[in-house]
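K.L.:
mmCIF, C-alpha atoms and all ligand atoms, saved as run00.cif, coming up:
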data_protein
#
loop_
_atom_site.label_atom_id
_atom_site.label_comp_id
_atom_site.auth_asym_id
_atom_site.auth_seq_id
_atom_site.Cartn_x
_atom_site.Cartn_y
_atom_site.Cartn_z
CA MET R 65 -23.83 27.62 33.33
CA ASN R 66 -25.49 24.77 35.10
CA LYS R 67 -23.02 23.02 37.45
CA ALA R 68 -23.76 19.56 36.10
CA VAL R 69 -23.16 20.61 32.50
CA LYS R 70 -19.87 22.24 33.50
CA ARG R 71 -18.76 19.04 35.23
CA VAL R 72 -19.56 16.97 32.17
CA GLU R 73 -17.65 19.45 29.99
CA GLN R 74 -14.64 19.23 32.29
CA MET R 75 -14.80 15.48 32.30
CA THR R 76 -14.93 15.24 28.51
CA LEU R 77 -12.09 17.71 28.26
CA ALA R 78 -10.03 15.69 30.73
CA GLY R 79 -10.94 12.53 28.84
CA ALA R 80 -9.83 14.05 25.54
CA LYS R 81 -6.57 15.21 27.09
CA GLU R 82 -5.98 11.79 28.56
CA ARG R 83 -6.78 10.06 25.25
CA GLY R 84 -4.42 12.45 23.47
CA ALA R 85 -1.65 11.69 25.94
CA ARG R 86 -2.24 7.94 25.57
CA ALA R 87 -2.13 8.19 21.76
CA ARG R 88 1.07 10.22 21.96
CA ALA R 89 2.62 7.64 24.29
CA THR R 90 1.64 4.80 21.88
CA MET R 91 3.10 6.72 18.94
CA ALA R 92 6.29 7.32 20.87
CA ARG R 93 6.50 3.61 21.71
CA TRP R 94 5.96 2.65 18.08
CA SER R 95 8.58 5.01 16.74
CA ALA R 96 10.97 3.86 19.45
CA GLN R 97 10.38 0.25 18.35
CA ALA R 98 10.82 1.18 14.69
CA ALA R 99 14.04 2.99 15.51
CA ALA R 100 15.27 -0.01 17.50
CA ALA R 101 14.42 -2.37 14.63
CA ALA R 102 16.18 -0.12 12.14
CA PHE R 103 19.18 -0.04 14.41
CA VAL R 104 19.28 -3.84 14.76
CA LEU R 105 18.96 -4.24 10.96
CA ALA R 106 21.74 -1.75 10.35
CA ALA R 107 23.95 -3.58 12.83
CA LEU R 108 23.41 -7.01 11.21
CA PRO R 109 26.36 -8.23 9.17
CA ALA R 110 25.74 -7.95 5.42
CA ALA R 111 25.86 -11.73 5.03
CA LEU R 112 22.92 -12.18 7.39
CA GLN R 113 20.87 -9.51 5.68
CA ALA R 114 21.12 -11.24 2.30
CA ALA R 115 17.71 -12.84 1.84
CA ASP R 116 19.06 -15.70 -0.30
CA PRO R 117 18.67 -19.02 1.51
CA PRO R 118 21.59 -21.48 1.32
CA PRO R 119 21.19 -23.60 -1.84
CA VAL R 120 19.54 -27.04 -1.55
CA ALA R 121 21.77 -29.81 -2.90
CA TYR R 122 20.45 -32.17 -5.59
CA PRO R 123 19.34 -35.28 -3.65
CA GLN R 124 21.64 -38.00 -4.98
CA GLY R 125 20.16 -41.49 -5.04
CA TRP R 126 16.56 -40.40 -4.35
CA ARG R 127 15.16 -42.92 -6.87
CA GLU R 128 16.16 -45.72 -4.48
CA TRP R 129 14.29 -44.17 -1.56
CA THR R 130 10.91 -45.17 -0.12
CA HIS R 131 7.86 -44.30 -2.18
CA VAL R 132 5.36 -42.45 0.04
CA LYS R 133 2.43 -41.83 -2.31
CA SER R 134 1.35 -40.61 -5.74
CA MET R 135 -1.26 -38.21 -7.10
CA VAL R 136 -2.53 -37.02 -10.48
CA ILE R 137 -3.37 -33.32 -10.73
CA GLN R 138 -5.66 -32.78 -13.70
CA PRO R 139 -6.61 -29.74 -15.81
CA GLY R 140 -9.13 -27.63 -13.90
CA HIS R 141 -7.28 -27.95 -10.60
CA ALA R 142 -6.12 -24.61 -9.15
CA LEU R 143 -2.51 -25.84 -9.08
CA PHE R 144 -2.55 -27.36 -12.57
CA ASP R 145 -0.24 -24.77 -14.13
CA ALA R 146 2.48 -25.31 -11.54
CA PHE R 147 1.95 -28.94 -10.50
CA GLY R 148 -0.25 -30.56 -13.16
CA GLY R 149 0.66 -34.16 -14.03
CA ILE R 150 1.57 -37.27 -12.06
CA HIS R 151 3.71 -36.87 -8.98
CA HIS R 152 5.33 -39.47 -6.78
CA LEU R 153 6.72 -38.64 -3.35
CA TYR R 154 9.90 -40.28 -2.01
CA ALA R 155 11.41 -40.11 1.46
CA ASN R 156 14.97 -40.83 2.61
CA LYS R 157 15.51 -42.84 5.84
CA GLN R 158 15.21 -39.85 8.17
CA ALA R 159 12.11 -38.54 6.39
CA LEU R 160 10.52 -41.99 6.49
CA ALA R 161 11.02 -42.03 10.27
CA GLY R 162 9.42 -38.57 10.35
CA TYR R 163 6.37 -39.76 8.42
CA ARG R 164 6.05 -42.76 10.70
CA ALA R 165 6.30 -40.52 13.77
CA GLY R 166 3.24 -38.69 12.47
CA GLY R 167 4.95 -35.62 11.03
CA LYS R 168 8.01 -34.93 13.17
CA PHE R 169 11.00 -34.62 10.85
CA ALA R 170 14.58 -34.61 12.14
CA ASP R 171 17.39 -32.66 10.49
CA GLY R 172 18.68 -34.63 7.50
CA SER R 173 15.17 -35.56 6.33
CA VAL R 174 14.76 -35.15 2.57
CA ILE R 175 11.46 -35.51 0.66
CA VAL R 176 11.30 -35.58 -3.14
CA PHE R 177 8.30 -34.56 -5.29
CA ASP R 178 8.91 -36.23 -8.66
CA LEU R 179 6.56 -34.48 -11.12
CA LEU R 180 5.99 -36.10 -14.51
CA GLU R 181 3.72 -35.27 -17.45
CA ALA R 182 0.48 -37.29 -17.39
CA LYS R 183 -0.39 -38.70 -20.81
CA SER R 184 -3.78 -40.28 -21.54
CA ALA R 185 -3.61 -43.23 -23.91
CA ASP R 186 -5.82 -46.30 -24.46
CA ASN R 187 -7.92 -45.50 -21.40
CA THR R 188 -4.83 -45.28 -19.21
CA VAL R 189 -2.93 -42.41 -17.64
CA GLN R 190 0.78 -42.89 -18.27
CA GLU R 191 3.96 -41.26 -17.07
CA GLY R 192 5.53 -38.80 -19.48
CA ALA R 193 8.66 -36.68 -19.29
CA ARG R 194 9.83 -35.29 -15.96
CA LYS R 195 8.67 -31.68 -15.48
CA VAL R 196 10.44 -30.86 -12.25
CA LEU R 197 11.96 -32.55 -9.21
CA GLY R 198 10.72 -30.73 -6.10
CA VAL R 199 12.85 -31.13 -2.99
CA MET R 200 12.41 -30.38 0.70
CA VAL R 201 15.46 -30.68 2.99
CA LYS R 202 15.17 -30.37 6.77
CA ASP R 203 17.93 -28.35 8.44
CA SER R 204 16.45 -26.30 11.25
CA ARG R 205 19.46 -24.00 11.52
CA ARG R 206 20.23 -23.31 7.83
CA TYR R 207 16.59 -22.91 6.86
CA ALA R 208 15.23 -21.37 10.07
CA ALA R 209 13.54 -18.62 8.04
CA THR R 210 11.33 -21.15 6.22
CA GLY R 211 10.25 -23.42 9.07
CA GLY R 212 13.50 -25.41 9.05
CA TRP R 213 12.95 -26.64 5.47
CA GLY R 214 14.99 -25.76 2.40
CA TYR R 215 12.98 -25.89 -0.86
CA GLU R 216 14.19 -26.31 -4.44
CA GLY R 217 12.97 -27.46 -7.81
CA PHE R 218 15.32 -29.03 -10.37
CA LYS R 219 14.01 -28.51 -13.90
CA GLY R 220 13.26 -31.62 -15.95
CA ASP R 221 16.04 -34.17 -15.60
CA SER R 222 18.64 -31.54 -14.73
CA LYS R 223 20.61 -31.81 -11.50
CA THR R 224 21.79 -28.20 -11.70
CA GLU R 225 19.07 -26.05 -13.29
CA ARG R 226 17.14 -24.52 -10.42
CA ALA R 227 13.53 -23.37 -10.58
CA VAL R 228 13.17 -21.85 -7.09
CA GLY R 229 16.48 -20.40 -5.85
CA ALA R 230 15.93 -17.38 -3.63
CA ASN R 231 12.13 -17.55 -4.01
CA ALA R 232 11.58 -20.48 -1.63
CA ALA R 233 9.71 -18.43 0.95
CA SER R 234 7.06 -17.13 -1.45
CA ALA R 235 7.04 -19.91 -4.07
CA CYS R 236 6.96 -22.88 -1.70
CA HIS R 237 6.96 -22.18 2.01
CA ALA R 238 4.03 -19.73 1.96
CA CYS R 239 1.75 -22.62 0.99
CA HIS R 240 3.47 -25.37 3.04
CA GLN R 241 3.09 -23.15 6.09
CA ALA R 242 -0.58 -24.15 6.10
CA ARG R 243 0.62 -27.52 7.51
CA LYS R 244 2.76 -26.04 10.26
CA ASP R 245 0.97 -28.43 12.64
CA ASN R 246 2.49 -31.32 10.66
CA ASP R 247 6.01 -29.83 10.35
CA HIS R 248 5.02 -28.18 7.03
CA VAL R 249 4.48 -31.54 5.30
CA PHE R 250 1.14 -32.15 3.58
CA SER R 251 1.39 -35.86 2.84
CA ALA R 252 1.07 -38.65 5.39
CA TRP R 253 2.37 -42.20 5.54
CA ARG R 254 0.00 -44.87 4.28
CA PRO R 255 0.97 -48.16 5.93
C1 LIG R 301 -0.26 -23.93 -3.34
C2 LIG R 301 0.34 -24.88 -2.42
C3 LIG R 301 1.71 -25.43 -2.66
C4 LIG R 301 2.82 -24.78 -3.13
C5 LIG R 301 2.96 -23.36 -3.61
C6 LIG R 301 3.91 -25.75 -3.08
N1 LIG R 301 3.45 -26.93 -2.58
FE1 LIG R 301 4.55 -28.58 -2.25
N2 LIG R 301 2.88 -29.60 -1.76
C7 LIG R 301 1.60 -29.11 -1.72
C8 LIG R 301 0.67 -30.16 -1.42
C9 LIG R 301 -0.85 -30.02 -1.27
C10 LIG R 301 1.42 -31.34 -1.29
C11 LIG R 301 0.91 -32.75 -1.01
C12 LIG R 301 0.82 -33.55 -2.31
C13 LIG R 301 0.38 -34.99 -2.11
O1 LIG R 301 -0.23 -35.31 -1.09
O2 LIG R 301 0.65 -35.82 -3.00
C14 LIG R 301 2.82 -30.94 -1.46
C15 LIG R 301 3.88 -31.80 -1.33
C16 LIG R 301 5.21 -31.44 -1.47
C17 LIG R 301 6.34 -32.31 -1.17
C18 LIG R 301 6.24 -33.65 -0.45
C19 LIG R 301 6.13 -33.41 1.07
C20 LIG R 301 4.75 -32.92 1.49
O3 LIG R 301 4.62 -31.78 1.96
O4 LIG R 301 3.79 -33.70 1.35
C21 LIG R 301 7.46 -31.64 -1.55
C22 LIG R 301 8.89 -32.15 -1.46
C23 LIG R 301 7.04 -30.35 -2.06
N3 LIG R 301 5.67 -30.25 -1.99
C24 LIG R 301 7.91 -29.38 -2.54
C25 LIG R 301 7.48 -28.12 -2.94
C26 LIG R 301 8.37 -27.13 -3.50
C27 LIG R 301 9.86 -27.30 -3.75
C28 LIG R 301 7.61 -26.03 -3.77
C29 LIG R 301 8.03 -24.73 -4.39
C30 LIG R 301 8.43 -24.80 -5.76
C31 LIG R 301 6.24 -26.34 -3.36
N4 LIG R 301 6.21 -27.61 -2.86
C32 LIG R 301 5.18 -25.46 -3.47
C33 LIG R 301 1.26 -27.79 -1.89
C34 LIG R 301 2.11 -26.79 -2.33
#
Go ahead and render the structure in this file as structure tokens.
Ligand code: HEC

P.N.:
Amino acid sequence: MNKAVKRVEQMTLAGAKERGARARATMARWSAQAAAAAFVLAALPAALQAADPPPVAYPQGWREWTHVKSMVIQPGHALFDAFGGIHHLYANKQALAGYRAGGKFADGSVIVFDLLEAKSADNTVQEGARKVLGVMVKDSRRYAATGGWGYEGFKGDSKTERAVGANAASACHACHQARKDNDHVFSAWRP
């Protein structure tokens, strides 16, 4: 066999061996990581493993808070099924300071999303019955898993009937995460 061809063959062979060794090393690293993760999970106390976030308390007195803004979501909007109607946003003192600071919310901030039916009558759009009271509560320790915010929805006028519960991460936070740059809050303060 021609010397040059032989050299190329040897090189490719060595290359293949080397690639194989690298792949095996990567696999070993991955399975070691997976094993370590499994070990850590197994070692976690049961209470920490429970995915349920701590419940968000009904925000007493929210109707006296500062009105931030309002919006009407009409039929045809992608979010109509979940959020169609008129909503008004309210902020407690801490949340108001957060809005004014340009989206930096301290623990204790609470924002309310008061969603009402929108009724058209006599060329007006009027408030109807309350559909849900959406709530965001900032507590960076309790709600660390969802960006420091606890999320809940209280059905209609109820202070106890919950619409979100353990689904906060997927039902609320997954979308609010898009505004991570603004501490997960979409709305802004209009002076
Ligand atoms: C598909 C996206 C989406 C989902 C899901 C969603 N939100 Fe929102 N949320 C918004 C948008 C957009 C606004 C801003 C509305 C405005 O400007 O009037 C908002 C505003 C809010 C506000 C006022 C603070 C802010 O971010 O402006 C609260 C409180 C709130 N949502 C609670 C909830 C809760 C509770 C859930 C889960 C049930 C939820 N949201 C699910 C998009 C979403």

K.L.:
Can you pull out every residue within 8 Å of segment 175-187 of chain R, counting all atoms listed in the file, but drop anything in the same chain fewer than 5 positions away, and send it as a VMD selection string?

P.N.:
chain R and resid 126 136 147 to 156 159 192 to 201

K.L.:
List as a tab-separated table every residue of chain R that is in contact with ligand LIG 301 (chain R), defined as an atom at most 7 Å from one of its atoms (using all atoms listed in the file), together with the nearest atom pair and the distance in Å rounded to one decimal, sorted by chain and then rising number.

P.N.:
residue	atom	partner	partner_atom	distance
R:Lys133	CA	R:LIG301	O2	6.3
R:Ser134	CA	R:LIG301	O2	5.6
R:Met135	CA	R:LIG301	O2	5.1
R:Leu143	CA	R:LIG301	C1	6.5
R:His151	CA	R:LIG301	O2	6.8
R:Leu153	CA	R:LIG301	C18	5.8
R:Ile175	CA	R:LIG301	C22	4.7
R:Val176	CA	R:LIG301	C22	4.5
R:Phe177	CA	R:LIG301	C22	4.6
R:Gly198	CA	R:LIG301	C27	4.2
R:Val199	CA	R:LIG301	C22	4.4
R:Met200	CA	R:LIG301	C22	4.5
R:Tyr215	CA	R:LIG301	C27	4.5
R:Glu216	CA	R:LIG301	C27	4.5
R:Gly217	CA	R:LIG301	C27	5.1
R:Val228	CA	R:LIG301	C30	5.7
R:Ala232	CA	R:LIG301	C29	6.2
R:Ala235	CA	R:LIG301	C29	4.9
R:Cys236	CA	R:LIG301	C29	3.4
R:His237	CA	R:LIG301	C32	6.6
R:Ala238	CA	R:LIG301	C5	6.7
R:Cys239	CA	R:LIG301	C2	4.3
R:His240	CA	R:LIG301	C34	5.7
R:His248	CA	R:LIG301	O3	6.2
R:Val249	CA	R:LIG301	O3	3.4
R:Phe250	CA	R:LIG301	O4	3.8
R:Ser251	CA	R:LIG301	O4	3.6
R:Ala252	CA	R:LIG301	O4	6.9

K.L.:
When you count all atoms listed in the file, which of these residues is closest to Gly211 of chain R: R:Pro255, R:Ala121, R:Glu191, R:Arg243?

P.N.:
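Of the candidates, the smallest distance to Gly211 of chain R is held by R:Arg243.
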
K.L.:
From the options R:His141, R:Lys223, R:Lys244, R:Lys157, which residue's atoms come nearest to Val120 of chain R, counting only C-alpha atoms?

P.N.:
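That would be R:Lys223, the residue with the smallest distance to Val120 of chain R.
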
K.L.:
Set the distance at 6 Å and use all atoms listed in the file: which residues neighbour Lys202 of chain R once local chain neighbours fewer than 4 positions away are removed? I'd like the list as a PyMOL selection string.

P.N.:
chain R and resi 171-173+212-213

K.L.:
Between atom CA of Gly125 of chain R and atom CA of Thr224 of chain R, what is the distance in Å, rounded to a tenth?

P.N.:
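Those two atoms sit 15.0 Å apart.
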
K.L.:
Please, what distance in Å, to one decimal, runs between atom CA of Gly220 of chain R and atom CA of Ala146 of chain R?

P.N.:
13.2 Å

K.L.:
So, with all atoms listed in the file as the atoms that count, which of R:Pro139, R:Glu128, R:Asp145, R:Arg164 lies closest to Arg254 of chain R?

P.N.:
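Smallest distance to Arg254 of chain R is found for R:Arg164.
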
K.L.:
What's the separation between atom CA of Gly166 of chain R and atom CA of Ala233 of chain R, in Å to one decimal place?

P.N.:
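Distance reported for this atom pair: 24.2 Å.
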
K.L.:
Of the candidates R:Pro117, R:Gly167, R:Gly140, R:Pro123, which shows the shortest atom-to-atom distance to Thr210 of chain R, using only C-alpha atoms?

P.N.:
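Of the candidates, the smallest distance to Thr210 of chain R is held by R:Pro117.
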